[in-house]
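Just final-v9.cif here, mmCIF, C-alpha atoms:
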data_query
#
loop_
_atom_site.label_atom_id
_atom_site.label_comp_id
_atom_site.auth_asym_id
_atom_site.auth_seq_id
_atom_site.Cartn_x
_atom_site.Cartn_y
_atom_site.Cartn_z
CA MET A 1 -30.74 -41.01 6.73
CA LYS A 2 -28.47 -40.13 9.64
CA PRO A 3 -29.56 -40.20 13.27
CA ALA A 4 -30.24 -36.93 15.10
CA SER A 5 -27.79 -36.31 17.93
CA PHE A 6 -28.06 -37.97 21.31
CA ASP A 7 -26.00 -38.47 24.45
CA PHE A 8 -24.54 -41.95 24.87
CA LEU A 9 -23.92 -43.94 28.00
CA CYS A 10 -22.27 -47.33 28.23
CA PRO A 11 -22.81 -48.28 31.88
CA ASP A 12 -20.70 -50.84 33.75
CA THR A 13 -23.52 -51.92 36.06
CA LEU A 14 -27.26 -52.50 35.79
CA GLU A 15 -27.83 -49.97 38.61
CA GLU A 16 -26.06 -47.31 36.60
CA ALA A 17 -28.20 -48.12 33.55
CA LEU A 18 -31.43 -47.97 35.60
CA SER A 19 -30.46 -44.63 37.18
CA ALA A 20 -29.78 -43.15 33.75
CA LEU A 21 -33.15 -44.42 32.48
CA ALA A 22 -34.93 -43.02 35.56
CA GLU A 23 -33.29 -39.61 35.19
CA GLY A 24 -33.74 -39.56 31.44
CA GLY A 25 -37.49 -40.16 31.64
CA GLY A 26 -39.08 -40.29 28.21
CA GLU A 27 -35.88 -38.99 26.58
CA ALA A 28 -33.80 -42.08 27.38
CA ARG A 29 -33.85 -45.35 25.45
CA VAL A 30 -32.02 -48.62 25.78
CA ILE A 31 -29.91 -49.74 22.85
CA ALA A 32 -28.86 -53.40 22.66
CA GLY A 33 -28.09 -54.93 19.25
CA GLY A 34 -29.62 -51.92 17.49
CA GLN A 35 -31.11 -53.88 14.59
CA SER A 36 -34.57 -52.41 15.15
CA LEU A 37 -33.64 -49.15 16.85
CA VAL A 38 -30.88 -47.93 14.50
CA PRO A 39 -33.17 -48.00 11.41
CA MET A 40 -35.64 -45.93 13.48
CA LEU A 41 -32.81 -43.54 14.39
CA ASN A 42 -31.59 -43.36 10.78
CA MET A 43 -35.08 -42.49 9.55
CA ARG A 44 -35.54 -40.19 12.56
CA LEU A 45 -38.71 -41.99 13.55
CA ALA A 46 -37.00 -42.15 16.95
CA ARG A 47 -35.12 -39.15 18.37
CA PRO A 48 -34.06 -40.06 21.89
CA GLY A 49 -31.97 -37.61 23.92
CA LEU A 50 -29.95 -40.42 25.51
CA LEU A 51 -29.05 -43.96 24.48
CA VAL A 52 -28.05 -46.44 27.18
CA ASP A 53 -25.99 -49.30 25.72
CA ILE A 54 -26.61 -52.45 27.76
CA MET A 55 -24.45 -54.86 25.77
CA ARG A 56 -21.56 -54.75 28.26
CA LEU A 57 -23.74 -55.81 31.20
CA GLU A 58 -22.63 -59.41 31.67
CA ALA A 59 -25.44 -60.05 34.17
CA LEU A 60 -27.96 -59.72 31.32
CA ARG A 61 -26.07 -62.10 29.03
CA ARG A 62 -27.62 -65.36 30.17
CA ILE A 63 -29.80 -68.16 28.91
CA GLU A 64 -31.06 -70.10 31.93
CA THR A 65 -33.49 -72.91 32.50
CA LEU A 66 -35.31 -72.71 35.81
CA GLY A 67 -38.01 -75.32 36.27
CA ASN A 68 -40.33 -75.09 33.29
CA GLU A 69 -39.11 -71.71 32.13
CA ILE A 70 -36.26 -70.58 29.92
CA THR A 71 -35.02 -67.09 30.73
CA VAL A 72 -33.22 -65.07 28.07
CA GLY A 73 -31.45 -61.94 29.34
CA ALA A 74 -31.58 -58.55 27.64
CA SER A 75 -28.12 -58.69 26.08
CA VAL A 76 -28.43 -62.16 24.52
CA ARG A 77 -28.13 -61.88 20.77
CA GLN A 78 -30.58 -63.73 18.54
CA ALA A 79 -27.74 -65.79 17.03
CA GLU A 80 -26.69 -66.87 20.55
CA LEU A 81 -30.14 -68.26 21.32
CA GLU A 82 -30.29 -69.80 17.83
CA ALA A 83 -27.02 -71.63 18.61
CA TRP A 84 -28.09 -72.65 22.15
CA ALA A 85 -27.52 -76.40 22.49
CA ASP A 86 -30.98 -77.15 23.99
CA LEU A 87 -33.00 -75.05 21.54
CA SER A 88 -34.55 -77.80 19.42
CA ARG A 89 -35.45 -79.88 22.49
CA ASP A 90 -36.70 -77.13 24.82
CA LEU A 91 -37.88 -74.43 22.39
CA PRO A 92 -38.80 -76.24 19.16
CA LEU A 93 -41.16 -73.40 18.13
CA LEU A 94 -38.24 -70.96 18.17
CA ALA A 95 -36.04 -73.43 16.32
CA ALA A 96 -38.70 -73.40 13.58
CA ALA A 97 -39.09 -69.61 13.68
CA PHE A 98 -35.41 -68.59 13.60
CA PRO A 99 -34.80 -69.18 9.87
CA TRP A 100 -37.58 -66.62 9.20
CA LEU A 101 -36.25 -64.06 11.64
CA GLY A 102 -34.39 -61.35 9.72
CA HIS A 103 -31.15 -62.47 8.10
CA VAL A 104 -27.98 -64.16 9.34
CA GLN A 105 -26.42 -60.69 9.28
CA THR A 106 -29.07 -59.08 11.54
CA ARG A 107 -29.44 -62.09 13.88
CA ALA A 108 -25.70 -61.85 14.58
CA ARG A 109 -26.25 -58.42 16.20
CA GLY A 110 -29.91 -58.15 17.19
CA THR A 111 -31.07 -59.30 20.62
CA VAL A 112 -34.08 -61.41 21.58
CA CYS A 113 -35.36 -58.84 24.07
CA GLY A 114 -34.74 -55.97 21.63
CA SER A 115 -37.14 -57.50 19.13
CA VAL A 116 -39.71 -57.92 21.91
CA ALA A 117 -39.23 -54.27 23.01
CA HIS A 118 -39.62 -53.03 19.41
CA ALA A 119 -42.98 -54.87 19.18
CA ASP A 120 -43.36 -54.86 15.42
CA PRO A 121 -46.80 -56.44 14.77
CA SER A 122 -45.33 -58.86 12.20
CA ALA A 123 -42.18 -59.88 14.11
CA GLU A 124 -41.46 -63.53 14.80
CA LEU A 125 -40.11 -63.35 18.37
CA PRO A 126 -43.09 -61.45 19.87
CA LEU A 127 -45.39 -63.90 18.04
CA SER A 128 -43.54 -66.91 19.45
CA LEU A 129 -43.49 -65.45 22.97
CA VAL A 130 -47.24 -64.76 22.93
CA THR A 131 -48.14 -68.12 21.37
CA LEU A 132 -46.14 -70.04 23.98
CA GLY A 133 -47.70 -68.01 26.81
CA GLY A 134 -44.39 -66.47 27.88
CA ALA A 135 -43.66 -63.44 30.05
CA VAL A 136 -41.50 -60.33 30.14
CA SER A 137 -39.49 -59.16 33.18
CA LEU A 138 -39.38 -55.39 33.50
CA ARG A 139 -37.04 -53.52 35.75
CA SER A 140 -36.78 -49.90 36.83
CA ARG A 141 -34.78 -48.26 39.60
CA LYS A 142 -37.81 -48.57 41.89
CA GLN A 143 -39.40 -51.87 41.01
CA LYS A 144 -39.32 -55.20 39.24
CA ARG A 145 -42.40 -56.67 37.63
CA LYS A 146 -43.24 -59.60 35.42
CA VAL A 147 -45.93 -59.17 32.77
CA LYS A 148 -47.60 -61.84 30.68
CA ALA A 149 -46.52 -61.49 27.05
CA ASP A 150 -50.13 -61.19 25.92
CA ASP A 151 -50.55 -58.14 28.21
CA PHE A 152 -47.15 -56.66 27.29
CA PHE A 153 -47.98 -56.00 23.63
CA ILE A 154 -50.70 -53.37 23.52
CA GLY A 155 -50.63 -52.09 19.95
CA MET A 156 -48.60 -51.17 16.89
CA MET A 157 -45.03 -50.94 18.25
CA ALA A 158 -46.57 -50.12 21.62
CA THR A 159 -45.90 -52.02 24.83
CA ASP A 160 -46.63 -51.85 28.54
CA LEU A 161 -43.06 -50.61 29.16
CA ALA A 162 -43.25 -47.50 31.40
CA GLU A 163 -40.89 -44.52 31.48
CA GLY A 164 -37.66 -45.43 33.23
CA GLU A 165 -38.23 -49.16 32.72
CA MET A 166 -36.28 -51.64 30.64
CA ILE A 167 -36.74 -55.28 29.71
CA GLU A 168 -34.42 -57.33 31.91
CA ALA A 169 -35.33 -60.70 30.41
CA VAL A 170 -38.01 -62.64 28.59
CA HIS A 171 -39.28 -66.04 29.70
CA PHE A 172 -40.33 -68.85 27.39
CA PRO A 173 -42.19 -71.88 28.78
CA LYS A 174 -40.17 -75.02 28.13
CA ALA A 175 -41.61 -77.44 25.58
CA ARG A 176 -43.39 -80.39 27.07
CA PRO A 177 -42.54 -83.78 25.63
CA GLY A 178 -45.27 -84.99 23.30
CA SER A 179 -46.49 -81.52 22.37
CA GLY A 180 -46.38 -80.37 18.73
CA TYR A 181 -45.08 -77.05 17.45
CA ALA A 182 -45.11 -75.42 14.01
CA PHE A 183 -44.19 -72.08 12.44
CA ARG A 184 -45.05 -70.78 8.96
CA GLU A 185 -44.66 -67.44 7.28
CA VAL A 186 -45.31 -65.63 4.00
CA GLY A 187 -43.24 -62.59 3.04
CA ARG A 188 -42.08 -60.93 -0.14
CA ARG A 189 -38.46 -61.98 0.32
CA HIS A 190 -37.00 -64.56 2.70
CA GLY A 191 -36.01 -62.70 5.87
CA ASP A 192 -38.19 -59.65 5.25
CA PHE A 193 -40.96 -58.77 7.62
CA ALA A 194 -43.82 -61.24 7.36
CA ILE A 195 -47.03 -60.33 5.59
CA VAL A 196 -48.57 -63.01 7.81
CA ALA A 197 -46.80 -65.39 10.20
CA CYS A 198 -48.46 -68.23 12.11
CA ALA A 199 -47.23 -70.21 15.11
CA ALA A 200 -49.09 -73.17 16.56
CA VAL A 201 -48.89 -75.38 19.64
CA ALA A 202 -50.73 -78.70 19.98
CA ASP A 203 -50.79 -80.27 23.44
CA ASP A 204 -53.14 -82.16 25.76
CA LYS A 205 -55.14 -78.95 26.39
CA GLY A 206 -55.89 -78.49 22.71
CA LEU A 207 -54.49 -76.12 20.08
CA ARG A 208 -53.19 -72.57 20.22
CA LEU A 209 -52.72 -70.52 17.09
CA GLY A 210 -50.72 -67.29 17.14
CA ILE A 211 -50.96 -64.84 14.25
CA ALA A 212 -48.69 -61.91 13.43
CA GLY A 213 -48.85 -59.34 10.64
CA VAL A 214 -52.62 -58.89 10.59
CA ASP A 215 -53.71 -57.08 13.75
CA ASP A 216 -51.71 -54.29 15.44
CA ARG A 217 -50.01 -56.86 17.69
CA PRO A 218 -49.48 -60.63 17.76
CA ARG A 219 -52.75 -62.37 18.71
CA VAL A 220 -53.26 -65.87 20.05
CA PHE A 221 -56.38 -68.02 19.81
CA PRO A 222 -57.05 -71.18 21.84
CA LEU A 223 -58.92 -73.87 19.92
CA PRO A 224 -60.22 -77.28 20.93
CA ALA A 225 -58.36 -80.23 19.41
CA LEU A 226 -60.19 -80.16 16.09
CA ASP A 227 -59.97 -82.67 13.30
CA ASP A 228 -58.24 -81.50 10.16
CA ASP A 229 -61.52 -80.94 8.26
CA GLN A 230 -62.94 -78.79 11.08
CA PHE A 231 -60.16 -76.16 10.95
CA ASP A 232 -61.76 -74.13 8.17
CA ASP A 233 -64.71 -72.62 10.06
CA ALA A 234 -62.58 -71.80 13.09
CA LEU A 235 -59.95 -70.13 10.90
CA ASN A 236 -62.55 -68.16 8.98
CA ASP A 237 -63.92 -66.80 12.29
CA ILE A 238 -60.40 -65.91 13.40
CA ALA A 239 -59.59 -64.23 10.08
CA TRP A 240 -62.65 -61.97 10.35
CA SER A 241 -62.08 -61.23 14.06
CA LEU A 242 -58.65 -59.74 13.33
CA ASN A 243 -58.46 -56.10 12.44
CA ALA A 244 -56.88 -56.63 9.00
CA ARG A 245 -55.99 -53.53 7.00
CA ASP A 246 -54.85 -52.74 3.48
CA ASP A 247 -51.32 -51.44 3.16
CA ILE A 248 -48.55 -51.20 0.58
CA HIS A 249 -47.53 -54.84 1.16
CA ALA A 250 -50.89 -56.62 0.97
CA SER A 251 -54.64 -56.09 1.07
CA ALA A 252 -56.74 -56.96 4.12
CA ARG A 253 -58.49 -59.61 2.05
CA TYR A 254 -55.18 -61.29 1.12
CA ARG A 255 -54.14 -61.26 4.77
CA ARG A 256 -57.41 -62.97 5.79
CA GLU A 257 -56.83 -65.54 3.06
CA LEU A 258 -53.32 -66.18 4.40
CA VAL A 259 -54.75 -66.64 7.91
CA ARG A 260 -57.06 -69.34 6.52
CA ASN A 261 -54.44 -71.15 4.42
CA LEU A 262 -51.27 -70.65 6.44
CA GLY A 263 -53.24 -71.12 9.67
CA HIS A 264 -54.54 -74.45 8.39
CA GLU A 265 -51.06 -75.67 7.42
CA THR A 266 -49.57 -74.57 10.73
CA LEU A 267 -52.30 -76.18 12.84
CA ARG A 268 -52.08 -79.38 10.82
CA GLU A 269 -48.31 -79.56 11.18
CA ALA A 270 -48.42 -78.90 14.95
CA SER A 271 -51.14 -81.54 15.39
CA ARG A 272 -49.13 -84.06 13.38
CA CYS A 273 -45.97 -83.35 15.38
CA ARG A 274 -47.84 -84.05 18.60
CA ALA A 275 -46.81 -87.57 19.47
CA MET B 1 -17.88 -45.00 31.48
CA PRO B 2 -19.17 -41.45 31.95
CA ARG B 3 -22.06 -40.10 29.90
CA MET B 4 -20.84 -38.98 26.49
CA ASN B 5 -22.13 -35.62 25.37
CA ALA B 6 -23.95 -35.40 22.02
CA ALA B 7 -22.14 -32.22 20.97
CA GLN B 8 -18.64 -33.65 21.17
CA ARG B 9 -16.58 -36.26 19.37
CA HIS B 10 -15.42 -39.21 21.43
CA GLY B 11 -12.60 -41.68 20.92
CA VAL B 12 -13.37 -45.18 19.67
CA ASP B 13 -10.60 -47.77 20.04
CA PHE B 14 -11.00 -50.95 18.07
CA THR B 15 -9.17 -53.38 15.83
CA LEU B 16 -9.64 -52.77 12.11
CA ASN B 17 -8.37 -55.33 9.62
CA GLY B 18 -5.89 -56.64 12.17
CA ARG B 19 -4.51 -53.27 13.30
CA LYS B 20 -5.41 -51.32 16.41
CA VAL B 21 -6.97 -47.99 15.52
CA ARG B 22 -8.28 -45.01 17.42
CA ALA B 23 -10.89 -42.92 15.65
CA GLU B 24 -13.06 -40.06 16.82
CA ALA B 25 -16.79 -39.96 16.28
CA GLU B 26 -19.91 -38.20 17.40
CA ASN B 27 -22.34 -40.52 19.17
CA ARG B 28 -24.69 -40.38 16.20
CA MET B 29 -22.08 -41.52 13.68
CA LEU B 30 -22.72 -44.89 12.03
CA LEU B 31 -19.91 -47.42 11.63
CA SER B 32 -20.35 -47.20 7.83
CA ASP B 33 -19.63 -43.46 7.92
CA LEU B 34 -16.75 -43.88 10.36
CA LEU B 35 -15.10 -46.36 8.00
CA ARG B 36 -15.69 -44.33 4.85
CA HIS B 37 -15.41 -40.70 5.93
CA GLU B 38 -13.15 -40.72 8.98
CA ILE B 39 -10.83 -43.63 8.20
CA GLY B 40 -11.07 -43.46 4.40
CA LEU B 41 -11.84 -47.12 3.72
CA THR B 42 -14.43 -46.71 0.98
CA GLY B 43 -14.64 -50.40 0.08
CA THR B 44 -17.65 -50.72 2.40
CA HIS B 45 -20.58 -49.44 0.35
CA VAL B 46 -23.69 -47.70 1.64
CA GLY B 47 -26.99 -48.47 -0.07
CA CYS B 48 -30.25 -48.23 1.82
CA GLU B 49 -29.03 -47.20 5.29
CA HIS B 50 -31.72 -49.19 7.04
CA GLY B 51 -30.38 -52.71 6.97
CA VAL B 52 -32.22 -54.08 3.94
CA CYS B 53 -29.74 -54.08 1.04
CA GLY B 54 -26.66 -55.57 2.73
CA ALA B 55 -24.11 -53.51 0.75
CA CYS B 56 -22.48 -52.22 3.97
CA THR B 57 -21.97 -55.67 5.52
CA VAL B 58 -18.67 -55.98 7.41
CA GLN B 59 -17.50 -58.47 10.02
CA ILE B 60 -17.65 -57.60 13.71
CA ASP B 61 -15.95 -60.11 16.00
CA GLY B 62 -16.01 -62.65 13.19
CA LYS B 63 -19.73 -62.33 12.43
CA PRO B 64 -21.35 -60.53 9.48
CA ALA B 65 -23.03 -57.28 10.48
CA ARG B 66 -24.62 -54.25 8.88
CA ALA B 67 -22.27 -51.29 9.32
CA CYS B 68 -25.24 -48.94 8.73
CA LEU B 69 -27.11 -50.48 11.69
CA THR B 70 -24.15 -50.18 14.02
CA LEU B 71 -23.16 -47.01 15.83
CA ALA B 72 -19.43 -46.33 15.74
CA GLN B 73 -19.47 -46.26 19.55
CA GLN B 74 -20.81 -49.82 19.63
CA VAL B 75 -17.62 -51.32 18.18
CA ARG B 76 -15.38 -50.09 21.00
CA GLY B 77 -12.99 -52.98 21.75
CA SER B 78 -14.31 -55.09 18.86
CA ASP B 79 -12.51 -56.69 15.95
CA VAL B 80 -13.83 -55.22 12.69
CA ARG B 81 -12.93 -56.56 9.23
CA THR B 82 -13.84 -54.88 5.97
CA VAL B 83 -13.53 -55.93 2.33
CA GLU B 84 -10.08 -54.30 2.26
CA ALA B 85 -8.82 -57.17 4.43
CA LEU B 86 -9.64 -59.91 1.93
CA ALA B 87 -6.94 -59.52 -0.73
CA PRO B 88 -3.58 -60.88 0.50
CA ALA B 89 -1.61 -58.28 -1.51
CA PRO B 90 -2.46 -55.21 -3.62
CA ALA B 91 -2.25 -57.08 -6.95
CA GLU B 92 -3.64 -60.38 -5.71
CA LEU B 93 -7.24 -61.48 -5.12
CA SER B 94 -8.39 -63.81 -2.36
CA PRO B 95 -9.71 -67.19 -3.59
CA LEU B 96 -13.30 -65.99 -3.05
CA GLN B 97 -12.69 -62.74 -4.93
CA ALA B 98 -10.94 -64.62 -7.75
CA ALA B 99 -13.93 -66.97 -8.02
CA PHE B 100 -16.26 -63.96 -8.31
CA ARG B 101 -14.14 -62.67 -11.16
CA ARG B 102 -13.99 -66.06 -12.91
CA HIS B 103 -17.73 -66.73 -12.62
CA HIS B 104 -18.94 -63.18 -13.36
CA GLY B 105 -20.26 -62.85 -9.80
CA LEU B 106 -20.43 -59.08 -10.23
CA GLN B 107 -21.33 -56.53 -12.83
CA CYS B 108 -21.56 -53.03 -11.35
CA GLY B 109 -19.93 -54.23 -8.13
CA PHE B 110 -21.92 -52.07 -5.73
CA CYS B 111 -23.28 -54.98 -3.66
CA THR B 112 -20.08 -57.05 -3.93
CA PRO B 113 -18.14 -55.91 -0.82
CA GLY B 114 -21.05 -56.78 1.48
CA ILE B 115 -21.68 -60.12 -0.21
CA LEU B 116 -17.98 -61.03 -0.01
CA MET B 117 -17.90 -60.30 3.72
CA SER B 118 -20.98 -62.48 4.38
CA LEU B 119 -19.69 -65.35 2.25
CA ASP B 120 -16.20 -65.07 3.76
CA THR B 121 -17.75 -65.70 7.21
CA LEU B 122 -19.82 -68.59 5.90
CA LEU B 123 -16.88 -70.36 4.22
CA ARG B 124 -14.72 -69.90 7.31
CA GLU B 125 -17.38 -71.20 9.71
CA ARG B 126 -18.76 -73.97 7.51
CA PRO B 127 -16.25 -75.15 4.91
CA GLU B 128 -18.79 -77.79 3.86
CA ALA B 129 -21.33 -75.09 2.94
CA GLY B 130 -23.51 -76.02 -0.03
CA ARG B 131 -25.91 -74.23 -2.35
CA GLU B 132 -28.67 -73.86 0.28
CA ASP B 133 -26.34 -72.36 2.91
CA ILE B 134 -25.00 -69.92 0.33
CA ARG B 135 -28.48 -68.90 -0.76
CA GLU B 136 -29.51 -68.44 2.89
CA HIS B 137 -26.59 -66.05 3.44
CA LEU B 138 -27.32 -64.23 0.17
CA SER B 139 -30.92 -63.64 1.24
CA GLY B 140 -29.55 -60.77 3.33
CA HIS B 141 -28.21 -59.02 0.24
CA LEU B 142 -29.70 -57.31 -2.79
CA CYS B 143 -27.98 -57.47 -6.19
CA ARG B 144 -29.75 -55.79 -9.11
CA CYS B 145 -27.32 -56.94 -11.86
CA THR B 146 -26.50 -60.62 -11.73
CA GLY B 147 -29.70 -62.42 -10.87
CA TYR B 148 -27.61 -64.15 -8.15
CA ALA B 149 -26.94 -67.36 -10.12
CA THR B 150 -23.36 -66.39 -10.91
CA ILE B 151 -22.76 -65.33 -7.30
CA VAL B 152 -23.91 -68.75 -6.09
CA GLU B 153 -21.63 -70.44 -8.65
CA ALA B 154 -18.67 -68.32 -7.58
CA ALA B 155 -19.26 -69.13 -3.91
CA LEU B 156 -19.60 -72.86 -4.64
CA ALA B 157 -16.36 -72.79 -6.63
CA ALA B 158 -14.53 -70.98 -3.82
CA ALA B 159 -15.86 -73.45 -1.24
CA GLU B 160 -14.76 -76.38 -3.39
CA GLU B 161 -11.32 -74.88 -3.89
CA GLN B 162 -10.96 -74.26 -0.15
CA ARG B 163 -11.92 -77.85 0.65
CA LYS B 164 -9.33 -79.19 -1.82
CA GLU B 165 -6.62 -77.04 -0.28
CA GLU B 166 -7.44 -78.24 3.21
CA THR B 167 -7.33 -81.92 2.27
CA PRO B 168 -4.60 -82.09 -0.40
CA ASN B 169 -4.67 -85.90 -0.59
CA ALA B 170 -8.39 -86.23 -1.05
#
So that I can check it, write out the structure of this file as structure tokens.
Amino acid sequence: MKPASFDFLCPDTLEEALSALAEGGGEARVIAGGQSLVPMLNMRLARPGLLVDIMRLEALRRIETLGNEITVGASVRQAELEAWADLSRDLPLLAAAFPWLGHVQTRARGTVCGSVAHADPSAELPLSLVTLGGAVSLRSRKQKRKVKADDFFIGMMATDLAEGEMIEAVHFPKARPGSGYAFREVGRRHGDFAIVACAAVADDKGLRLGIAGVDDRPRVFPLPALDDDQFDDALNDIAWSLNARDDIHASARYRRELVRNLGHETLREASRCRA
Amino acid sequence: MPRMNAAQRHGVDFTLNGRKVRAEAENRMLLSDLLRHEIGLTGTHVGCEHGVCGACTVQIDGKPARACLTLAQQVRGSDVRTVEALAPAPAELSPLQAAFRRHHGLQCGFCTPGILMSLDTLLRERPEAGREDIREHLSGHLCRCTGYATIVEAALAAAEEQRKEETPNA
């Protein structure tokens, strides 16, 4: 349970970090808070040749509201966003999700963008980003691009991130007044990875239900504004459309059942919160 | 900073329990191993080594953190506190430690250093912390002896004692 050896670089500028990532190719990885990557290193599921520590890059340590979008830079820790003064007004879904997200002790170190980069299929931040219709800003030495969150996650811990690229920031759409948001999760122990997590948004366009922990990535489903007693058929269709699998934590059947029950509760709460 | 070669040891300057220290570590060395094997502070325990059990919890810049999920090189310039910093003198326990003793908050003691460091942060940041806050902080720790009830009681007693000390006329 000790990491294999790697070179380490703690760059002073973003340019220096991007050059190192470009030269390192597939061997180089970004380390931020390390709460997802260091377990992978310890178990030697990841064996990078070079780690680039981005936590001293002040330019990436920002939470900014621009128009209808909240931008969270790559070195913002989860606890910093959790403590952000405007969180419950502008990102109520995240305010509801944070208590489920790891533990106080891991949120103090882990970053928002790091969780997105790790792309665990049951993780709360990727689920919230996809459900809200957010985006990810990617940066390499040669180019900058912005990808929709739904296109960024492509499979089990797999993303659209290319060699030499890093996440510069993630963008959450700001909550619109009058919209409803809800987050629910079932796990074995509070703060463990979810068996199933659900996030829902209710606004004037209808409902959106995001589901993590079932398919190989967070999935989001738009629904018309249904009445409470009409949720069941829609949720049953969603449960069967997801590629649920048996594993050590839960059976596929139990996961589908959680989609139906937890999904119902989450949709109902979001609809009720909608003023 | 130049690129640090994997094959060599590199200096890490940081503050440990209030004193400036300079240690040497390979890039791959975890903070938990730096503390225990290089510096010799074995109060920080190592359980699962992937962030689940919480035994290795220390404080980095005033916040609780898993030493096993932190590379030694990541604490350069930081302020690190370990369980060794809690007791005011060799034969004297801190109020939180004394409450653990009084309320049987430990049996084998393996998880205790990590739990103390998490609760120490909580009681410093939120002196008004109640049962729910304490349980929330404990959710990041595993204890296989106590069933947690005595740990919660100990933490509540320490919080109460701290509040009385801060408002002596109340």
Inset, instruction - Could you jot down the atom CA of Ala194 of chain A to atom CA of Leu101 of chain A separation for me, Å, one decimal place? - result: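 Separation of atom CA of Ala194 of chain A and atom CA of Leu101 of chain A: 9.1 Å.
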Inset, instruction - Compare A:Pro92, A:Pro126, A:Gly213, A:Pro39 by their minimum atom-to-atom distance to Gly180 of chain A, counting all atoms listed in the file, and give me the closest one. - result: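 So, comparing all the options, the nearest one is A:Pro92.
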Legend entry - Minimum-distance residue to chain A, chosen among B:Gln162, B:Thr82, B:Thr150, B:Gln59 (using only C-alpha atoms):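 Between B:Gln162, B:Thr82, B:Thr150, B:Gln59, the residue approaching chain A most closely is B:Gln59.
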Inset, instruction - Name all residues at most 12 Å from segment 248-262 of chain A (count all atoms listed in the file; drop same-chain ones fewer than 3 positions away) and give them as a PyMOL selection string. - result: chain A and resi 122+182-189+192-200+209-215+219+231-245+265-269
Inset, instruction - Rounded to one decimal place, report the atom CA of Met1 of chain A-atom CA of Glu23 of chain A distance in Å. - result: 28.6 Å
Inset, instruction - Apply the PyMOL selection byres ((chain A) within 9 of (chain B)) to the displayed file and report the matching residues as a ChimeraX atom specification. - result: /A:1-12,33-43,49-50,53,55,99,102-109,189-192
Inset, instruction - State, in Å with one decimal place, the distance from atom CA of Gly134 of chain A to atom CA of Phe172 of chain A. - result: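 These two atoms are separated by 4.7 Å.
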Inset, instruction - Decode the PyMOL selection byres ((chain B and resi 9-11) around 7) for the given file into explicit residues and return them as an MDAnalysis selection string. - result: chainID B and resid 8 12:13 22:26
Inset, instruction - Could you expand the PyMOL selection byres ((chain B and resi 119) around 10) into the explicit residues it covers here, written as a PyMOL selection string? - result: chain B and resi 64+96+114-118+120-125+129+133-135+137-138+152+155+158-159
Can you spit out the residues from that selection as a compact mmCIF listing (two decimals), keeping the file's coordinate frame, using C-alpha atoms?
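Saved the output as part05.txt:
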# COMPACT_ATOMS: atom_id res chain seq x y z
CA PRO B 64 -21.35 -60.53 9.48
CA LEU B 96 -13.30 -65.99 -3.05
CA GLY B 114 -21.05 -56.78 1.48
CA ILE B 115 -21.68 -60.12 -0.21
CA LEU B 116 -17.98 -61.03 -0.01
CA MET B 117 -17.90 -60.30 3.72
CA SER B 118 -20.98 -62.48 4.38
CA ASP B 120 -16.20 -65.07 3.76
CA THR B 121 -17.75 -65.70 7.21
CA LEU B 122 -19.82 -68.59 5.90
CA LEU B 123 -16.88 -70.36 4.22
CA ARG B 124 -14.72 -69.90 7.31
CA GLU B 125 -17.38 -71.20 9.71
CA ALA B 129 -21.33 -75.09 2.94
CA ASP B 133 -26.34 -72.36 2.91
CA ILE B 134 -25.00 -69.92 0.33
CA ARG B 135 -28.48 -68.90 -0.76
CA HIS B 137 -26.59 -66.05 3.44
CA LEU B 138 -27.32 -64.23 0.17
CA VAL B 152 -23.91 -68.75 -6.09
CA ALA B 155 -19.26 -69.13 -3.91
CA ALA B 158 -14.53 -70.98 -3.82
CA ALA B 159 -15.86 -73.45 -1.24
Legend entry - Pick from A:Met157, A:Ser88, A:Pro121, A:Gly164, whichever lies nearest to Pro177 of chain A using all atoms listed in the file: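 Going through A:Met157, A:Ser88, A:Pro121, A:Gly164 one by one, the smallest distance to Pro177 of chain A is for A:Ser88.
If you measure from each of A:Glu82, A:Asp120, A:Glu163, A:Glu168 to Lys146 of chain A using only C-alpha atoms, the closest one turns out to be A:Glu168.
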Inset, instruction - Would you mind listing what lies within 12 Å of Thr65 of chain A as a PyMOL selection string, with all atoms listed in the file counted and same-chain residues fewer than 5 positions away left out? - result: chain A and resi 70-73+84+86-87+90-91+170-175
Inset, instruction - Would you list the residues near (-30.4, -60.9, 26.4) (no more than 6 Å away, in the coordinates of the file, using all atoms listed in the file) as a ChimeraX atom specification? - result: /A:60-61,72-76,113
Inset, instruction - Quick one: everything within 9 Å of segment 108-111 of chain B, counting only C-alpha atoms, minus sequence neighbours fewer than 5 positions away in the same chain. Send it as a list of chain:residue names. - result: B:His45, B:Val46, B:Gly47, B:Cys53, B:Gly54, B:Ala55, B:Cys56, B:Leu116, B:His141, B:Leu142, B:Cys143, B:Arg144, B:Cys145
